[in-house]
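Here's upload.cif, which has mmCIF, C-alpha atoms and all ligand atoms:
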data_my_file
#
loop_
_atom_site.label_atom_id
_atom_site.label_comp_id
_atom_site.auth_asym_id
_atom_site.auth_seq_id
_atom_site.Cartn_x
_atom_site.Cartn_y
_atom_site.Cartn_z
CA MET A 1 -28.81 -27.16 -0.68
CA CYS A 2 -31.94 -25.98 -2.52
CA SER A 3 -31.58 -24.13 -5.83
CA GLU A 4 -32.55 -20.86 -4.12
CA GLY A 5 -29.68 -21.37 -1.63
CA ILE A 6 -27.18 -22.11 -4.44
CA ARG A 7 -28.30 -19.01 -6.35
CA PHE A 8 -27.79 -16.88 -3.23
CA LYS A 9 -24.28 -18.34 -2.69
CA VAL A 10 -23.31 -17.62 -6.32
CA GLU A 11 -24.69 -14.06 -6.17
CA ASP A 12 -22.81 -13.46 -2.94
CA ALA A 13 -19.54 -14.72 -4.46
CA VAL A 14 -20.04 -12.54 -7.57
CA ARG A 15 -20.69 -9.50 -5.36
CA LYS A 16 -17.45 -10.16 -3.43
CA ALA A 17 -15.49 -10.55 -6.68
CA ALA A 18 -16.99 -7.30 -8.00
CA VAL A 19 -15.65 -5.47 -4.93
CA LEU A 20 -12.15 -6.80 -5.66
CA ILE A 21 -12.39 -5.86 -9.33
CA GLU A 22 -13.59 -2.36 -8.46
CA ALA A 23 -10.60 -1.99 -6.13
CA LEU A 24 -8.16 -3.13 -8.82
CA SER A 25 -8.05 0.12 -10.80
CA TRP A 26 -7.59 2.15 -7.61
CA ILE A 27 -4.87 -0.21 -6.33
CA ARG A 28 -3.00 0.22 -9.64
CA ARG A 29 -3.45 3.98 -9.61
CA PHE A 30 -2.22 4.51 -6.04
CA ARG A 31 0.67 2.04 -6.01
CA GLY A 32 3.91 3.74 -4.88
CA ARG A 33 2.04 6.93 -3.92
CA TYR A 34 1.99 8.61 -0.53
CA VAL A 35 -1.23 9.00 1.39
CA VAL A 36 -1.08 10.95 4.64
CA ILE A 37 -3.63 9.78 7.19
CA LYS A 38 -4.37 11.84 10.27
CA LEU A 39 -5.90 10.05 13.21
CA GLY A 40 -7.52 12.48 15.64
CA GLY A 41 -7.66 12.25 19.39
CA SER A 42 -11.42 11.70 19.36
CA ALA A 43 -11.04 8.68 17.07
CA LEU A 44 -8.25 7.27 19.23
CA GLU A 45 -10.65 6.88 22.15
CA GLU A 46 -12.28 3.79 20.60
CA GLU A 47 -9.86 0.88 20.84
CA ALA A 48 -11.74 -1.58 18.61
CA ALA A 49 -12.16 1.04 15.88
CA VAL A 50 -8.44 1.88 16.02
CA LYS A 51 -7.52 -1.81 15.60
CA SER A 52 -9.81 -2.15 12.60
CA PHE A 53 -8.49 1.11 11.12
CA LEU A 54 -4.89 -0.15 11.47
CA THR A 55 -5.86 -3.32 9.58
CA ASP A 56 -6.99 -1.06 6.73
CA VAL A 57 -3.69 0.85 6.81
CA ILE A 58 -1.82 -2.47 6.62
CA PHE A 59 -4.00 -3.42 3.64
CA MET A 60 -3.03 -0.16 1.92
CA ARG A 61 0.67 -0.82 2.49
CA THR A 62 0.34 -4.42 1.35
CA VAL A 63 -1.20 -3.40 -1.98
CA GLY A 64 1.69 -1.03 -2.63
CA MET A 65 0.58 2.36 -1.36
CA TYR A 66 2.76 4.33 1.11
CA PRO A 67 0.47 5.26 4.02
CA ILE A 68 1.96 7.69 6.53
CA LEU A 69 0.19 7.82 9.83
CA VAL A 70 0.13 11.16 11.67
CA HIS A 71 -1.74 11.36 14.92
CA GLY A 72 -2.93 13.78 17.55
CA GLY A 73 -4.21 12.94 20.99
CA GLY A 74 -5.77 16.11 22.33
CA LYS A 75 -8.16 14.27 24.67
CA ALA A 76 -5.41 12.08 26.17
CA ILE A 77 -3.15 15.12 26.70
CA SER A 78 -5.93 17.02 28.49
CA LYS A 79 -6.59 13.98 30.69
CA ALA A 80 -2.90 13.61 31.60
CA MET A 81 -2.72 17.35 32.37
CA SER A 82 -5.76 17.16 34.64
CA GLU A 83 -4.19 14.21 36.46
CA ALA A 84 -1.09 16.36 36.98
CA GLY A 85 -3.30 19.16 38.35
CA ILE A 86 -2.92 21.44 35.30
CA GLU A 87 -5.95 23.02 33.70
CA PRO A 88 -5.73 22.83 29.87
CA HIS A 89 -6.01 26.22 28.24
CA PHE A 90 -6.59 26.83 24.51
CA VAL A 91 -5.81 30.01 22.61
CA HIS A 92 -7.30 30.25 19.09
CA GLY A 93 -7.68 26.46 19.04
CA ARG A 94 -4.06 25.82 20.09
CA ARG A 95 -3.11 24.42 23.49
CA TYR A 96 -1.14 26.97 25.53
CA THR A 97 2.04 24.99 26.08
CA ASP A 98 4.33 25.92 28.98
CA GLU A 99 7.33 23.74 30.01
CA LYS A 100 5.29 21.29 32.07
CA THR A 101 2.53 21.02 29.43
CA LEU A 102 5.15 20.41 26.76
CA GLU A 103 6.63 17.58 28.79
CA ILE A 104 3.21 15.97 29.25
CA ALA A 105 2.01 16.52 25.66
CA THR A 106 5.16 15.20 23.99
CA SER A 107 5.33 12.19 26.29
CA VAL A 108 1.64 11.29 25.72
CA LEU A 109 1.96 11.74 21.94
CA ALA A 110 5.31 10.07 21.30
CA ASN A 111 5.92 7.65 24.18
CA GLU A 112 2.35 6.48 24.64
CA ILE A 113 0.20 6.94 21.52
CA SER A 114 2.82 6.46 18.76
CA GLU A 115 4.28 3.46 20.54
CA SER A 116 0.91 1.81 21.09
CA LEU A 117 -0.14 2.35 17.44
CA ALA A 118 3.16 0.86 16.27
CA GLN A 119 2.78 -2.07 18.68
CA GLU A 120 -0.70 -2.83 17.34
CA ILE A 121 0.53 -2.70 13.73
CA ARG A 122 3.28 -5.16 14.66
CA ALA A 123 0.80 -7.37 16.52
CA GLN A 124 -1.17 -7.57 13.27
CA GLY A 125 1.93 -8.82 11.46
CA ALA A 126 3.18 -5.67 9.68
CA HIS A 127 6.10 -3.29 10.23
CA ALA A 128 5.82 0.11 11.87
CA GLU A 129 8.34 2.81 12.79
CA PRO A 130 7.48 5.59 15.19
CA LEU A 131 9.37 8.69 14.01
CA HIS A 132 9.91 11.43 16.59
CA PHE A 133 12.40 13.18 18.89
CA GLY A 134 12.99 9.96 20.88
CA THR A 135 13.66 7.74 17.83
CA ARG A 136 14.46 9.32 14.47
CA ASN A 137 12.89 12.73 14.05
CA CYS A 138 10.91 13.60 10.92
CA LEU A 139 9.11 16.92 11.57
CA ARG A 140 11.12 20.15 11.71
CA GLY A 141 9.46 23.35 12.81
CA GLU A 142 9.48 26.83 14.17
CA GLN A 143 7.65 28.52 16.99
CA LEU A 144 4.18 29.71 15.99
CA THR A 145 3.34 33.34 16.70
CA LEU A 146 -0.24 34.44 16.23
CA LYS A 147 -1.26 38.08 16.26
CA ALA A 148 -4.31 39.62 17.93
CA GLY A 149 -6.59 41.96 15.96
CA ASP A 150 -4.52 44.98 17.03
CA GLY A 151 -1.28 43.30 15.93
CA THR A 152 0.07 42.40 19.38
CA PRO A 153 1.67 38.93 19.48
CA ILE A 154 -0.27 36.18 21.30
CA ASP A 155 1.81 34.01 23.62
CA LEU A 156 1.22 30.30 22.94
CA GLY A 157 4.38 28.99 24.66
CA HIS A 158 6.11 26.04 22.98
CA VAL A 159 3.65 25.74 20.11
CA GLY A 160 5.03 25.34 16.62
CA TYR A 161 4.27 24.70 12.98
CA VAL A 162 6.01 22.38 10.53
CA THR A 163 8.44 24.06 8.16
CA ASP A 164 10.13 20.98 6.73
CA ILE A 165 10.28 17.19 6.97
CA ASP A 166 12.96 14.55 6.56
CA GLN A 167 11.85 13.22 3.18
CA GLY A 168 14.84 10.86 2.92
CA LEU A 169 13.90 9.23 6.22
CA LEU A 170 10.29 8.75 5.12
CA ALA A 171 11.30 7.26 1.79
CA GLU A 172 13.72 4.90 3.55
CA VAL A 173 11.11 3.74 6.06
CA CYS A 174 8.38 3.27 3.42
CA GLN A 175 10.67 1.42 1.06
CA ALA A 176 11.70 -0.88 3.91
CA ASP A 177 8.04 -1.91 3.97
CA ALA A 178 7.28 -0.17 7.27
CA ILE A 179 4.46 2.22 8.11
CA PRO A 180 5.75 5.51 9.58
CA VAL A 181 3.87 6.61 12.71
CA ILE A 182 4.38 10.32 13.42
CA PRO A 183 3.16 12.26 16.47
CA SER A 184 2.48 15.99 16.05
CA VAL A 185 5.73 17.11 17.69
CA ALA A 186 8.39 19.00 15.74
CA LEU A 187 11.96 19.94 16.63
CA ASP A 188 13.28 23.43 15.93
CA ALA A 189 16.80 24.20 14.68
CA SER A 190 18.18 24.06 18.24
CA GLY A 191 16.50 20.75 19.05
CA GLN A 192 13.71 22.31 21.14
CA LYS A 193 10.44 20.32 21.06
CA LEU A 194 7.34 22.09 19.74
CA ASN A 195 3.72 21.05 20.23
CA VAL A 196 2.03 21.19 16.81
CA ASN A 197 -1.68 20.93 16.03
CA ALA A 198 -1.98 17.49 14.42
CA ASP A 199 -4.27 18.61 11.56
CA THR A 200 -1.70 21.19 10.45
CA ALA A 201 1.18 18.72 10.91
CA ALA A 202 -0.57 16.21 8.62
CA ALA A 203 -1.33 18.90 6.05
CA ALA A 204 2.30 20.06 6.03
CA LEU A 205 3.50 16.47 5.46
CA ALA A 206 1.01 16.01 2.62
CA ARG A 207 1.96 19.36 1.09
CA ILE A 208 5.72 18.77 1.22
CA LEU A 209 5.41 15.18 -0.06
CA LYS A 210 2.87 16.23 -2.71
CA ALA A 211 0.83 13.29 -1.44
CA GLU A 212 -1.86 11.70 -3.55
CA LYS A 213 -4.28 12.08 -0.67
CA LEU A 214 -4.70 13.54 2.79
CA VAL A 215 -7.26 11.72 4.92
CA PHE A 216 -8.63 12.97 8.24
CA LEU A 217 -10.15 10.29 10.44
CA SER A 218 -12.38 11.82 13.04
CA ASP A 219 -15.48 11.07 15.11
CA VAL A 220 -18.00 12.32 12.54
CA PRO A 221 -19.06 10.74 9.19
CA GLY A 222 -17.88 13.84 7.30
CA ILE A 223 -19.03 17.45 6.89
CA PHE A 224 -22.70 18.18 7.59
CA LEU A 225 -24.64 21.22 6.43
CA ASP A 226 -26.70 20.78 9.58
CA ARG A 227 -25.00 18.79 12.34
CA HIS A 228 -28.38 17.76 13.76
CA ASP A 229 -29.57 16.28 10.47
CA PRO A 230 -27.65 13.18 9.26
CA GLY A 231 -29.30 13.60 5.85
CA THR A 232 -27.18 16.71 5.22
CA LEU A 233 -23.81 14.94 4.94
CA VAL A 234 -21.99 16.40 1.92
CA SER A 235 -20.05 13.86 -0.13
CA HIS A 236 -18.22 16.30 -2.42
CA LEU A 237 -17.00 19.84 -1.73
CA GLU A 238 -14.88 22.31 -3.63
CA THR A 239 -12.56 24.83 -1.98
CA GLU A 240 -14.73 27.92 -2.63
CA ARG A 241 -17.74 26.27 -1.01
CA CYS A 242 -15.62 25.23 1.99
CA ARG A 243 -14.56 28.84 2.53
CA ALA A 244 -18.18 29.95 2.40
CA LEU A 245 -19.21 27.25 4.91
CA ILE A 246 -16.50 28.39 7.34
CA GLU A 247 -17.53 32.00 6.80
CA ASP A 248 -21.22 31.35 7.59
CA GLY A 249 -20.41 29.13 10.60
CA THR A 250 -21.70 25.83 9.13
CA ILE A 251 -18.20 24.45 9.62
CA ASP A 252 -16.99 25.37 13.08
CA SER A 253 -14.97 24.25 16.15
CA GLY A 254 -12.61 21.30 15.52
CA MET A 255 -13.65 21.08 11.86
CA VAL A 256 -12.17 24.51 11.06
CA PRO A 257 -8.47 23.59 11.44
CA LYS A 258 -9.13 20.40 9.45
CA VAL A 259 -10.74 22.21 6.53
CA ASP A 260 -8.18 25.06 6.68
CA ALA A 261 -5.43 22.43 6.56
CA ALA A 262 -7.25 20.68 3.70
CA LEU A 263 -7.41 23.89 1.64
CA GLU A 264 -3.73 24.59 2.26
CA ALA A 265 -2.79 21.05 1.15
CA LEU A 266 -4.92 21.20 -2.00
CA ALA A 267 -3.48 24.61 -2.94
CA SER A 268 0.01 23.12 -2.90
CA GLY A 269 -0.60 20.06 -5.05
CA VAL A 270 -2.23 17.35 -2.90
CA GLY A 271 -4.70 15.47 -5.11
CA LYS A 272 -7.69 15.13 -2.83
CA VAL A 273 -8.62 15.45 0.86
CA HIS A 274 -11.06 13.12 2.60
CA ILE A 275 -12.81 13.42 5.93
CA VAL A 276 -14.08 10.06 7.15
CA ASP A 277 -15.45 8.45 10.28
CA ALA A 278 -12.88 6.39 12.14
CA ARG A 279 -15.66 4.63 14.08
CA LEU A 280 -17.14 3.14 10.92
CA PRO A 281 -15.37 -0.14 10.08
CA HIS A 282 -13.24 0.10 6.91
CA SER A 283 -14.31 3.66 6.12
CA ILE A 284 -10.84 4.48 4.81
CA LEU A 285 -10.74 1.48 2.45
CA LEU A 286 -14.16 2.33 1.08
CA GLU A 287 -13.12 5.94 0.62
CA ILE A 288 -9.91 5.12 -1.24
CA TYR A 289 -10.53 1.85 -3.05
CA SER A 290 -14.11 2.16 -4.23
CA ASP A 291 -15.78 4.35 -6.84
CA LYS A 292 -17.90 6.20 -4.34
CA GLY A 293 -16.61 6.94 -0.84
CA ILE A 294 -18.68 7.28 2.27
CA GLY A 295 -17.33 10.46 3.85
CA THR A 296 -16.68 13.94 2.49
CA GLU A 297 -14.11 14.51 -0.26
CA ILE A 298 -12.69 17.98 -0.84
CA VAL A 299 -11.15 18.91 -4.18
CA LYS A 300 -9.66 22.11 -5.57
N1 LIG B 1 -20.16 21.14 9.68
C1 LIG B 1 -19.64 20.19 10.47
N2 LIG B 1 -19.78 18.88 10.15
C2 LIG B 1 -19.27 17.91 10.95
N3 LIG B 1 -18.59 18.15 12.10
C3 LIG B 1 -18.42 19.44 12.48
C4 LIG B 1 -18.93 20.51 11.67
N4 LIG B 1 -18.58 21.66 12.27
C5 LIG B 1 -17.94 21.33 13.40
N5 LIG B 1 -17.82 20.01 13.55
C6 LIG B 1 -17.19 19.35 14.70
O1 LIG B 1 -15.85 19.00 14.39
C7 LIG B 1 -15.51 17.88 15.22
C8 LIG B 1 -14.23 17.22 14.72
O2 LIG B 1 -13.12 17.94 15.16
P1 LIG B 1 -12.23 17.46 16.44
O3 LIG B 1 -13.15 17.18 17.59
O4 LIG B 1 -11.16 18.47 16.63
O5 LIG B 1 -11.70 16.08 15.91
P2 LIG B 1 -10.25 15.37 15.93
O6 LIG B 1 -9.99 15.00 17.34
O7 LIG B 1 -10.49 14.22 15.04
O8 LIG B 1 -9.24 16.36 15.37
C9 LIG B 1 -16.75 17.03 15.15
O9 LIG B 1 -16.84 16.12 16.23
C10 LIG B 1 -17.87 18.07 15.17
O10 LIG B 1 -18.33 18.28 16.47
C1 LIG B 2 -0.68 23.07 19.68
C2 LIG B 2 -1.76 22.05 19.91
O1 LIG B 2 -2.90 22.41 20.19
N1 LIG B 2 -1.40 20.76 19.81
C3 LIG B 2 -2.31 19.68 20.01
C4 LIG B 2 -1.62 18.41 19.55
C5 LIG B 2 -2.52 17.19 19.53
C6 LIG B 2 -3.69 17.33 18.56
O2 LIG B 2 -3.74 18.15 17.66
O3 LIG B 2 -4.64 16.36 18.77
P1 LIG B 2 -6.08 16.21 18.07
O4 LIG B 2 -5.83 15.81 16.67
O5 LIG B 2 -6.71 15.16 18.86
O6 LIG B 2 -6.80 17.53 18.15
C7 LIG B 2 -2.71 19.54 21.51
O7 LIG B 2 -1.87 19.80 22.36
O8 LIG B 2 -3.85 19.12 21.76
#
Could you show the structure in this file as structure tokens?
Amino acid sequence: MCSEGIRFKVEDAVRKAAVLIEALSWIRRFRGRYVVIKLGGSALEEEAAVKSFLTDVIFMRTVGMYPILVHGGGKAISKAMSEAGIEPHFVHGRRYTDEKTLEIATSVLANEISESLAQEIRAQGAHAEPLHFGTRNCLRGEQLTLKAGDGTPIDLGHVGYVTDIDQGLLAEVCQADAIPVIPSVALDASGQKLNVNADTAAAALARILKAEKLVFLSDVPGIFLDRHDPGTLVSHLETERCRALIEDGTIDSGMVPKVDAALEALASGVGKVHIVDARLPHSILLEIYSDKGIGTEIVK
């Protein structure tokens, strides 16, 4: 090999070592800490990206962090409903959930998506435990009642919000070296299933656990000031600015429940919230274990 080739090889090796050294302080800092990761339905559509993301989650567990995987599956639920001849209907961003919709949504989330994520984690040589009404339940909730402007209650059907979680169960699963996989379905005090928006379910978990971090993996690189201009990606946001961006419509549609959930989590003690692109290989590792992430971080 010529001297130029040797120099390149050495520089490449030094660069790789530098990445490991940079990760070291973050690995030490986050060891034994919970990080709640929400995988959205849009991100779940890309199989190869999901596999690569799960490798990252296994990495996090292997270096001593406690990742907790919470997932939605809005697109898959809508598809299953259409196949059953039911038109999905959303009220204030929540799916109107009658008996039949509840049956479809909970089956898609728990029996299909949670199980397939857990299977993939196992196929990659790690441990996973789906936690829901059909296995061991983790999320407890109550029916959600929204009010219209004039104060009249809005009927959402079997839609809920998380009031509490089984912290003992989570600790047991994490300490047994497994990665908990949790669909956004809660059980109320009488055992009735409730369909919960997955962003709010993840935020409630992070809030109750006082997690180090809450990470939303979606199908965008982060928050943009102008969605048509990739140069406007914001890498750091504080809560006040987030409120203003929601107010002026810069943050809208599916990003609103995420940022609302982020603000709620930060207000109750979660260290930092990240919004990253699930389609970008290793985005979550770069966000957590390097000095400068690649998505948007939100702090108090
Ligand atoms: N300011 C913004 N920056 C980036 N994305 C935004 C913004 N405002 C709204 N969005 C939208 O939010 C979407 C993410 O929400 P959603 O589709 O509900 O994702 P998920 O399925 O991951 O919960 C993005 O695909 C984008 O269209
Ligand atoms: C009440 C309610 O709307 N529940 C959501 C649960 C899934 C979800 O939130 O999935 P995403 O993360 O993909 O949006 C729904 O039925 O679509």
I want to know what sits within 10 Å of Glu45 in chain A, based on only C-alpha atoms, with residues of the same chain fewer than 2 positions away left out; could you give that as a ChimeraX atom specification? /A:40-43,47-50,73,75-76,219,279
Saved selection, atoms kept: C-alpha atoms, as a CSV table (one decimal), in the frame of the given file:
chain,number,residue,atom,x,y,z
A,40,GLY,CA,-7.5,12.5,15.6
A,41,GLY,CA,-7.7,12.2,19.4
A,42,SER,CA,-11.4,11.7,19.4
A,43,ALA,CA,-11.0,8.7,17.1
A,47,GLU,CA,-9.9,0.9,20.8
A,48,ALA,CA,-11.7,-1.6,18.6
A,49,ALA,CA,-12.2,1.0,15.9
A,50,VAL,CA,-8.4,1.9,16.0
A,73,GLY,CA,-4.2,12.9,21.0
A,75,LYS,CA,-8.2,14.3,24.7
A,76,ALA,CA,-5.4,12.1,26.2
A,219,ASP,CA,-15.5,11.1,15.1
A,279,ARG,CA,-15.7,4.6,14.1
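Taking only C-alpha atoms and all ligand atoms into account, the protein and nucleic acid residues that come at most 7 Å from ligand LIG 2 (chain B) are Leu39, Gly40, Gly41, Ser42, His71, Gly72, Gly73, Gly74, Lys75, Ile77, Gly93, Arg94, Arg95, Ala105, Val159, Gly160, Ser184, Asn195, Val196, Asn197, Ala198 and Asp199 of chain A.
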Would you save the residues of that selection, restricted to C-alpha atoms, as a compact mmCIF listing (two decimals), in the frame of the given file?
# COMPACT_ATOMS: atom_id res chain seq x y z
CA LEU A 39 -5.90 10.05 13.21
CA GLY A 40 -7.52 12.48 15.64
CA GLY A 41 -7.66 12.25 19.39
CA SER A 42 -11.42 11.70 19.36
CA HIS A 71 -1.74 11.36 14.92
CA GLY A 72 -2.93 13.78 17.55
CA GLY A 73 -4.21 12.94 20.99
CA GLY A 74 -5.77 16.11 22.33
CA LYS A 75 -8.16 14.27 24.67
CA ILE A 77 -3.15 15.12 26.70
CA GLY A 93 -7.68 26.46 19.04
CA ARG A 94 -4.06 25.82 20.09
CA ARG A 95 -3.11 24.42 23.49
CA ALA A 105 2.01 16.52 25.66
CA VAL A 159 3.65 25.74 20.11
CA GLY A 160 5.03 25.34 16.62
CA SER A 184 2.48 15.99 16.05
CA ASN A 195 3.72 21.05 20.23
CA VAL A 196 2.03 21.19 16.81
CA ASN A 197 -1.68 20.93 16.03
CA ALA A 198 -1.98 17.49 14.42
CA ASP A 199 -4.27 18.61 11.56
Environment of ligand LIG 1 (chain B) within 6 Å, counting only C-alpha atoms and all ligand atoms, reported as a PyMOL selection string: chain A and resi 40-43+218-220+222-225+227+250-255
Expected file contents, prior selection, C-alpha atoms, as a PDB file, keeping the file's coordinate frame:
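This went into part_35.pdb:
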ATOM      1  CA  GLY A  40      -7.520  12.480  15.640  1.00  0.00           C
ATOM      2  CA  GLY A  41      -7.660  12.250  19.390  1.00  0.00           C
ATOM      3  CA  SER A  42     -11.420  11.700  19.360  1.00  0.00           C
ATOM      4  CA  ALA A  43     -11.040   8.680  17.070  1.00  0.00           C
ATOM      5  CA  SER A 218     -12.380  11.820  13.040  1.00  0.00           C
ATOM      6  CA  ASP A 219     -15.480  11.070  15.110  1.00  0.00           C
ATOM      7  CA  VAL A 220     -18.000  12.320  12.540  1.00  0.00           C
ATOM      8  CA  GLY A 222     -17.880  13.840   7.300  1.00  0.00           C
ATOM      9  CA  ILE A 223     -19.030  17.450   6.890  1.00  0.00           C
ATOM     10  CA  PHE A 224     -22.700  18.180   7.590  1.00  0.00           C
ATOM     11  CA  LEU A 225     -24.640  21.220   6.430  1.00  0.00           C
ATOM     12  CA  ARG A 227     -25.000  18.790  12.340  1.00  0.00           C
ATOM     13  CA  THR A 250     -21.700  25.830   9.130  1.00  0.00           C
ATOM     14  CA  ILE A 251     -18.200  24.450   9.620  1.00  0.00           C
ATOM     15  CA  ASP A 252     -16.990  25.370  13.080  1.00  0.00           C
ATOM     16  CA  SER A 253     -14.970  24.250  16.150  1.00  0.00           C
ATOM     17  CA  GLY A 254     -12.610  21.300  15.520  1.00  0.00           C
ATOM     18  CA  MET A 255     -13.650  21.080  11.860  1.00  0.00           C
TER      19      MET A 255
END
Have a look at CA of Ser116 in chain A and CA of Lys79 in chain A and let me know their distance in Å, one decimal. 17.2 Å
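Distance check against Ser52 in chain A using all atoms listed in the file: of A:Leu144, A:Ile121, A:Val173, A:Val10, the minimum falls on A:Ile121.
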Report, in Å to a single decimal, how far apart CA of Gly269 in chain A and CA of Ala211 in chain A are. 7.8 Å
For a test of reading the model, state the distance in Å between CA of Asn111 in chain A and CA of Ile284 in chain A, rounded to one decimal. 25.8 Å
So which one's closest to Val108 in chain A, A:His236, A:Val299, A:Ala80, A:Arg122? Using all atoms listed in the file, please.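 The shortest atom-to-atom distance to Val108 in chain A comes from A:Ala80.
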Spatial neighbours of Glu172 in chain A, 12 Å, only C-alpha atoms, chain gap at least 4 places, as a ChimeraX atom specification: /A:66,129,131,136,138,166-168,176-180
Saving range 132-145 of chain A with N, CA and C atoms, as a JSON list (two decimals), in the first residue's frame, what would that file be?
[["chain", "number", "residue", "atom", "x", "y", "z"],
["A", 132, "HIS", "N", -49.06, -5.39, 27.25],
["A", 132, "HIS", "CA", -50.39, -4.86, 26.93],
["A", 132, "HIS", "C", -51.46, -5.76, 27.50],
["A", 133, "PHE", "N", -52.72, -5.44, 27.16],
["A", 133, "PHE", "CA", -53.87, -6.17, 27.72],
["A", 133, "PHE", "C", -53.81, -7.68, 27.48],
["A", 134, "GLY", "N", -53.11, -8.12, 26.42],
["A", 134, "GLY", "CA", -53.08, -9.55, 26.10],
["A", 134, "GLY", "C", -51.89, -10.27, 26.75],
["A", 135, "THR", "N", -50.97, -9.50, 27.34],
["A", 135, "THR", "CA", -49.79, -10.12, 27.98],
["A", 135, "THR", "C", -49.78, -9.68, 29.45],
["A", 136, "ARG", "N", -48.94, -8.70, 29.76],
["A", 136, "ARG", "CA", -49.01, -8.08, 31.08],
["A", 136, "ARG", "C", -49.21, -6.59, 30.83],
["A", 137, "ASN", "N", -50.27, -6.04, 31.39],
["A", 137, "ASN", "CA", -50.62, -4.66, 31.04],
["A", 137, "ASN", "C", -49.80, -3.64, 31.82],
["A", 138, "CYS", "N", -49.41, -2.57, 31.15],
["A", 138, "CYS", "CA", -48.60, -1.53, 31.79],
["A", 138, "CYS", "C", -49.33, -0.19, 31.92],
["A", 139, "LEU", "N", -50.12, 0.17, 30.89],
["A", 139, "LEU", "CA", -50.76, 1.49, 30.88],
["A", 139, "LEU", "C", -52.17, 1.43, 31.47],
["A", 140, "ARG", "N", -52.40, 2.30, 32.48],
["A", 140, "ARG", "CA", -53.75, 2.39, 33.05],
["A", 140, "ARG", "C", -54.32, 3.75, 32.67],
["A", 141, "GLY", "N", -55.62, 3.78, 32.41],
["A", 141, "GLY", "CA", -56.16, 5.06, 31.93],
["A", 141, "GLY", "C", -57.60, 5.30, 32.28],
["A", 142, "GLU", "N", -58.07, 6.42, 31.78],
["A", 142, "GLU", "CA", -59.47, 6.80, 31.94],
["A", 142, "GLU", "C", -59.96, 7.31, 30.60],
["A", 143, "GLN", "N", -61.28, 7.30, 30.46],
["A", 143, "GLN", "CA", -61.87, 7.80, 29.21],
["A", 143, "GLN", "C", -61.60, 9.30, 29.07],
["A", 144, "LEU", "N", -61.27, 9.71, 27.85],
["A", 144, "LEU", "CA", -60.96, 11.12, 27.60],
["A", 144, "LEU", "C", -62.24, 11.85, 27.19],
["A", 145, "THR", "N", -62.53, 12.94, 27.86],
["A", 145, "THR", "CA", -63.68, 13.75, 27.42],
["A", 145, "THR", "C", -63.18, 15.14, 27.06]]
